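Peer 1: Dropping a structure here in structure tokens format, bear with me for questions.
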Number of protein chains: 2
Amino acid sequence: MQVLKVPIVKRILSANDQVANTNLNILNSNGIFALNIMASPGAGKTSFILQTIQPLSAQHKIGVIEGDTAPVTIDSDKMTAVGIPSVQINTGGDCHLDAMMIDEAFKQLDLTKLDLIIVENVGNLICPAAFKLGTHMNVLIASVPEGDDKPYKYPAMYRGVDVLILNKIDLLPYVPFNQDYFLQGVKMLNPILKTFLVSCKTGEGISIWTDWLGEHVKAQKK
Amino acid sequence: MQVLKVPIVKRILSANDQVANTNLNILNSNGIFALNIMASPGAGKTSFILQTIQPLSAQHKIGVIEGDTAPVTIDSDKMTAVGIPSVQINTGGDCHLDAMMIDEAFKQLDLTKLDLIIVENVGNLICPAAFKLGTHMNVLIASVPEGDDKPYKYPAMYRGVDVLILNKIDLLPYVPFNQDYFLQGVKMLNPILKTFLVSCKTGEGISIWTDWLGEHVKAQKK
């Protein structure tokens, strides 16, 4: 937003980073690994979280923090339905989560009883990239029907993440999507980006991701 | 964004509205009809604009203003390829277009020679809703693979638009999408919202939209 050029906003961003550091310390002292899941609206964040929880919940205790711009509980209801503790953050129209919101959400969870926290950010490919939450890993979900030009058009998001999930690969036969062009754009912006190709609908590729994530959760456990 | 609660930002918004009014007067005095196209990234804004231009360009002189967060010309190149004058706005990472950017773009177009201006906003379902551009009509493109819960989760955007396009209806057989649930959410937020169901891939439903739009362009012509 234009207002980001106003000095006072720089101080807000820096205050955010301070709280993000505190959040990270809280997670580490409790032996919790945490993900910040970001994506465009409708890329499949909630389905991806449900698919991630399913194989991991036998071995690890998982909590979810759901960010939404409106006071709806559509996503957190889905977590409750599978027995996962979740906290719903209503940003009141704001376009991203910030570290202060996560700090508040931590107070609603029993952190001594969790191994993994998954944060579902607000659906937005621009603003969330500017706000650290204090999680260990920023995960971006792209989806096939969004089109192959997204890395080129939303570079800040692709530059700032640690993991890329390309979701909805089951739709590859039905939509124009040049995978080489997409991955070339990704490589240009973020050459070491760990990438997984999945379909949350069919389950394809999910176990490769959850096996990999499981190792990180195990390593962080006290 | 949180900073919207700071008084100085209210003054910026009000300044935006003033420039939006000026833009509207400029359009009206030149007999130009203008659309502000908003959507989530990958909903099909550029394809929709190309499909809209095709049948209308024989009767009307059309110009396009392309908003992007990065200095890429992917979209404006597509307009140039079909002989349509276009202006590319690089927001420098900002998450929406504002009226001042449109005012600048107007200076790059020969307004005396246009009947219709289509503005393609930055791909974002939240922030653009807060910034009037001075166009006659706000058009939201939703797309089937985004999912049927989007009106419930992004209500501000659905409330603030005049026209809704549901794109990618060719994917209805391949993705879970309850059209009744989607339209019920839309009706709750915006009961008089004019809605068109289209596929930019197959062309289905496009002529109903372009016939309707063509009448508005004709009525506005000097």
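Residues in the structure tokens are numbered from 1 in each chain, the chains being A, B, ... in the order shown, and ligands are numbered from 1 in the order shown.
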Return as a tab-separated table the residues of chain B lying at most 9 Å from chain A, together with the closest atom-to-atom pair for each and the distance in Å to one decimal, counting only C-alpha atoms, with rows in chain order and ascending residue number.
Peer 2:
residue	atom	partner	partner_atom	distance
B:Met1	CA	A:Asp94	CA	4.4
B:Gln2	CA	A:Asp94	CA	6.3
B:Val3	CA	A:Val9	CA	7.3
B:Leu4	CA	A:Asp94	CA	8.7
B:Val9	CA	A:Val3	CA	7.3
B:Ile12	CA	A:Val3	CA	8.5
B:Ser40	CA	A:Pro41	CA	6.3
B:Pro41	CA	A:Ser40	CA	6.3
B:Gly42	CA	A:Glu146	CA	3.8
B:Ala43	CA	A:Glu146	CA	6.4
B:Gly44	CA	A:Glu146	CA	7.9
B:Asp68	CA	A:Lys153	CA	6.8
B:Thr69	CA	A:Tyr154	CA	6.6
B:Ala70	CA	A:Lys153	CA	5.8
B:Pro71	CA	A:Lys153	CA	8.2
B:Val72	CA	A:Lys153	CA	6.8
B:Ile74	CA	A:Asp149	CA	8.3
B:Thr91	CA	A:Gln2	CA	8.6
B:Gly93	CA	A:Ala156	CA	7.4
B:Asp94	CA	A:Met1	CA	4.4
B:Cys95	CA	A:Met1	CA	5.7
B:His96	CA	A:Met1	CA	7.1
B:Gly123	CA	A:Leu125	CA	8.0
B:Asn124	CA	A:Asn124	CA	6.1
B:Leu125	CA	A:Asn124	CA	7.2
B:Ile126	CA	A:Cys95	CA	6.1
B:Cys127	CA	A:Cys95	CA	6.7
B:Ser143	CA	A:Gly42	CA	8.9
B:Pro145	CA	A:Pro145	CA	6.8
B:Glu146	CA	A:Gly42	CA	3.8
B:Gly147	CA	A:Gly42	CA	5.8
B:Asp148	CA	A:Gly42	CA	9.0
B:Asp149	CA	A:Ile74	CA	8.3
B:Lys150	CA	A:Gly42	CA	7.6
B:Tyr152	CA	A:Val72	CA	7.2
B:Lys153	CA	A:Ala70	CA	5.8
B:Tyr154	CA	A:Thr69	CA	6.6
B:Pro155	CA	A:Ala70	CA	7.0
B:Ala156	CA	A:Gly93	CA	7.4
B:Asp170	CA	A:Tyr174	CA	8.9
B:Leu171	CA	A:Tyr174	CA	7.5
B:Tyr174	CA	A:Leu171	CA	7.5
B:Val175	CA	A:Leu171	CA	8.5
B:Lys201	CA	A:Val175	CA	8.6
Peer 1: Could you find all residues in segment 3-193 of chain A that DSSP calls strand (DSSP E or B) from the backbone, and write them as a CSV table (one decimal) with N, CA and C atoms, in the first residue's frame?
Peer 2:
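result18.csv written:
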chain,number,residue,atom,x,y,z
A,33,PHE,N,7.1,-26.8,16.2
A,33,PHE,CA,7.5,-26.4,14.9
A,33,PHE,C,6.2,-25.7,14.3
A,34,ALA,N,6.4,-24.6,13.6
A,34,ALA,CA,5.3,-23.8,13.1
A,34,ALA,C,5.4,-23.4,11.6
A,35,LEU,N,4.3,-23.5,10.9
A,35,LEU,CA,4.3,-23.1,9.5
A,35,LEU,C,3.3,-21.9,9.3
A,36,ASN,N,3.7,-21.0,8.4
A,36,ASN,CA,2.8,-19.9,8.0
A,36,ASN,C,2.4,-20.2,6.5
A,37,ILE,N,1.1,-20.6,6.3
A,37,ILE,CA,0.6,-21.0,5.0
A,37,ILE,C,0.0,-19.8,4.3
A,38,MET,N,0.6,-19.4,3.2
A,38,MET,CA,0.1,-18.3,2.4
A,38,MET,C,-0.4,-18.7,1.0
A,39,ALA,N,-1.3,-18.0,0.5
A,39,ALA,CA,-1.8,-18.3,-0.9
A,39,ALA,C,-2.8,-17.3,-1.3
A,62,ILE,N,-1.2,-31.5,17.0
A,62,ILE,CA,-1.2,-30.4,16.0
A,62,ILE,C,-2.3,-29.4,16.4
A,63,GLY,N,-2.0,-28.1,16.3
A,63,GLY,CA,-3.0,-27.0,16.4
A,63,GLY,C,-3.0,-26.1,15.2
A,64,VAL,N,-4.1,-25.5,15.0
A,64,VAL,CA,-4.2,-24.6,13.8
A,64,VAL,C,-4.7,-23.2,14.2
A,65,ILE,N,-4.1,-22.2,13.5
A,65,ILE,CA,-4.6,-20.8,13.7
A,65,ILE,C,-5.1,-20.4,12.3
A,66,GLU,N,-6.4,-20.0,12.3
A,66,GLU,CA,-7.1,-19.7,11.0
A,66,GLU,C,-7.3,-18.2,10.9
A,67,GLY,N,-6.7,-17.6,9.9
A,67,GLY,CA,-6.9,-16.2,9.7
A,67,GLY,C,-8.0,-15.9,8.6
A,68,ASP,N,-8.9,-15.0,8.9
A,68,ASP,CA,-9.9,-14.7,7.9
A,68,ASP,C,-10.2,-13.2,8.0
A,86,SER,N,-8.3,-25.4,17.2
A,86,SER,CA,-8.0,-24.3,16.3
A,86,SER,C,-8.5,-23.0,16.9
A,87,VAL,N,-7.8,-21.9,16.5
A,87,VAL,CA,-8.2,-20.6,16.9
A,87,VAL,C,-8.5,-19.8,15.7
A,88,GLN,N,-9.6,-19.1,15.7
A,88,GLN,CA,-10.0,-18.3,14.5
A,88,GLN,C,-9.6,-16.8,14.8
A,89,ILE,N,-8.8,-16.2,13.9
A,89,ILE,CA,-8.5,-14.8,14.0
A,89,ILE,C,-9.4,-14.1,12.9
A,90,ASN,N,-10.2,-13.2,13.3
A,90,ASN,CA,-10.9,-12.3,12.4
A,90,ASN,C,-10.2,-11.0,12.3
A,116,LEU,N,3.2,-29.2,16.6
A,116,LEU,CA,3.1,-28.5,15.3
A,116,LEU,C,2.0,-27.5,15.3
A,117,ILE,N,2.3,-26.3,14.9
A,117,ILE,CA,1.2,-25.3,14.7
A,117,ILE,C,1.2,-24.9,13.3
A,118,ILE,N,0.0,-25.0,12.7
A,118,ILE,CA,-0.1,-24.5,11.3
A,118,ILE,C,-1.0,-23.3,11.2
A,119,VAL,N,-0.4,-22.2,10.7
A,119,VAL,CA,-1.1,-20.9,10.6
A,119,VAL,C,-1.6,-20.8,9.2
A,120,GLU,N,-2.9,-20.6,9.0
A,120,GLU,CA,-3.5,-20.3,7.7
A,120,GLU,C,-3.7,-18.8,7.6
A,137,MET,N,8.7,-21.6,9.1
A,137,MET,CA,8.7,-21.8,7.7
A,137,MET,C,7.6,-21.1,7.0
A,138,ASN,N,7.8,-20.3,5.9
A,138,ASN,CA,6.8,-19.7,5.1
A,138,ASN,C,6.5,-20.7,4.0
A,139,VAL,N,5.2,-21.1,3.9
A,139,VAL,CA,4.8,-22.0,2.8
A,139,VAL,C,3.8,-21.3,1.9
A,140,LEU,N,4.1,-21.3,0.6
A,140,LEU,CA,3.2,-20.7,-0.4
A,140,LEU,C,2.5,-21.8,-1.2
A,141,ILE,N,1.2,-21.7,-1.2
A,141,ILE,CA,0.5,-22.7,-2.1
A,141,ILE,C,0.1,-22.0,-3.4
A,142,ALA,N,0.6,-22.4,-4.5
A,142,ALA,CA,0.1,-22.0,-5.8
A,142,ALA,C,-0.8,-23.1,-6.3
A,143,SER,N,-1.7,-22.7,-7.2
A,143,SER,CA,-2.6,-23.8,-7.8
A,143,SER,C,-2.6,-23.7,-9.3
A,163,VAL,N,9.0,-22.8,1.2
A,163,VAL,CA,8.5,-24.0,0.6
A,163,VAL,C,7.4,-23.6,-0.4
A,164,LEU,N,7.3,-24.2,-1.5
A,164,LEU,CA,6.3,-24.0,-2.5
A,164,LEU,C,5.5,-25.2,-2.7
A,165,ILE,N,4.2,-25.2,-2.6
A,165,ILE,CA,3.3,-26.3,-2.9
A,165,ILE,C,2.6,-25.9,-4.2
A,166,LEU,N,2.7,-26.7,-5.3
A,166,LEU,CA,1.9,-26.5,-6.4
A,166,LEU,C,0.7,-27.5,-6.3
A,167,ASN,N,-0.5,-26.9,-6.0
A,167,ASN,CA,-1.7,-27.7,-5.7
A,167,ASN,C,-2.6,-27.9,-7.0
Peer 1: To one decimal place in Å, what is the distance between atom CA of Thr202 of chain A and atom CA of Leu172 of chain A?
Peer 2: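 Taking atom CA of Thr202 of chain A as the start and atom CA of Leu172 of chain A as the end point, the length is 12.8 Å.
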Peer 1: Can you tell me which residues surround Asp17 of chain B at a distance of at most 8 Å, considering only C-alpha atoms, apart from same-chain residues fewer than 3 positions away, and format the answer as a PyMOL selection string?
Peer 2: chain B and resi 13-14+20-21+99+131-134
Peer 1: If you keep N, CA and C atoms, can you produce a file of those selected residues as a PDB file, in the first residue's frame?
Peer 2:
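Heads up, here's the output in part_1.pdb:
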ATOM      1  N   LEU B  13      -7.496   8.359   2.052  1.00  0.00           N
ATOM      2  CA  LEU B  13      -8.651   7.746   1.395  1.00  0.00           C
ATOM      3  C   LEU B  13      -9.579   8.819   0.840  1.00  0.00           C
ATOM      4  N   SER B  14      -9.768   9.877   1.634  1.00  0.00           N
ATOM      5  CA  SER B  14     -10.648  10.929   1.190  1.00  0.00           C
ATOM      6  C   SER B  14     -10.057  11.653  -0.016  1.00  0.00           C
ATOM      7  N   ALA B  20     -10.924  10.356  -7.598  1.00  0.00           N
ATOM      8  CA  ALA B  20     -11.847   9.448  -8.295  1.00  0.00           C
ATOM      9  C   ALA B  20     -12.993  10.240  -8.929  1.00  0.00           C
ATOM     10  N   ASN B  21     -13.508  11.229  -8.204  1.00  0.00           N
ATOM     11  CA  ASN B  21     -14.571  12.071  -8.775  1.00  0.00           C
ATOM     12  C   ASN B  21     -14.087  12.831 -10.002  1.00  0.00           C
ATOM     13  N   ALA B  99      -6.979   6.012  -7.299  1.00  0.00           N
ATOM     14  CA  ALA B  99      -7.466   6.990  -8.281  1.00  0.00           C
ATOM     15  C   ALA B  99      -6.327   7.820  -8.870  1.00  0.00           C
ATOM     16  N   PHE B 131     -10.647   1.232  -2.535  1.00  0.00           N
ATOM     17  CA  PHE B 131     -10.166   2.388  -3.296  1.00  0.00           C
ATOM     18  C   PHE B 131     -10.958   2.597  -4.579  1.00  0.00           C
ATOM     19  N   LYS B 132     -11.835   3.613  -4.573  1.00  0.00           N
ATOM     20  CA  LYS B 132     -12.561   3.984  -5.789  1.00  0.00           C
ATOM     21  C   LYS B 132     -11.584   4.497  -6.836  1.00  0.00           C
ATOM     22  N   LEU B 133     -11.852   4.181  -8.084  1.00  0.00           N
ATOM     23  CA  LEU B 133     -10.980   4.667  -9.161  1.00  0.00           C
ATOM     24  C   LEU B 133     -11.643   5.765  -9.986  1.00  0.00           C
ATOM     25  N   GLY B 134     -12.974   5.881  -9.869  1.00  0.00           N
ATOM     26  CA  GLY B 134     -13.694   6.848 -10.689  1.00  0.00           C
ATOM     27  C   GLY B 134     -14.293   6.215 -11.930  1.00  0.00           C
TER      28      GLY B 134
END
Peer 1: Of the candidates B:Ala105, B:Met100, B:Val19, B:Val82, which shows the shortest atom-to-atom distance to Leu50 of chain B, using only C-alpha atoms?
Peer 2: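 Answer, going by the shortest atom-to-atom distance: B:Val82.
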Peer 1: Find the residue from B:Leu111, B:Ile169, B:Asp77, B:Phe196 that sits nearest to Asp211 of chain B; use only C-alpha atoms when measuring.
Peer 2: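 Answer, going by the shortest atom-to-atom distance: B:Phe196.
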Peer 1: Tell me, in Å to one decimal, how far atom CA of Tyr181 of chain B is from atom CA of Gly203 of chain A.
Peer 2: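 Interatomic distance here is 25.2 Å.
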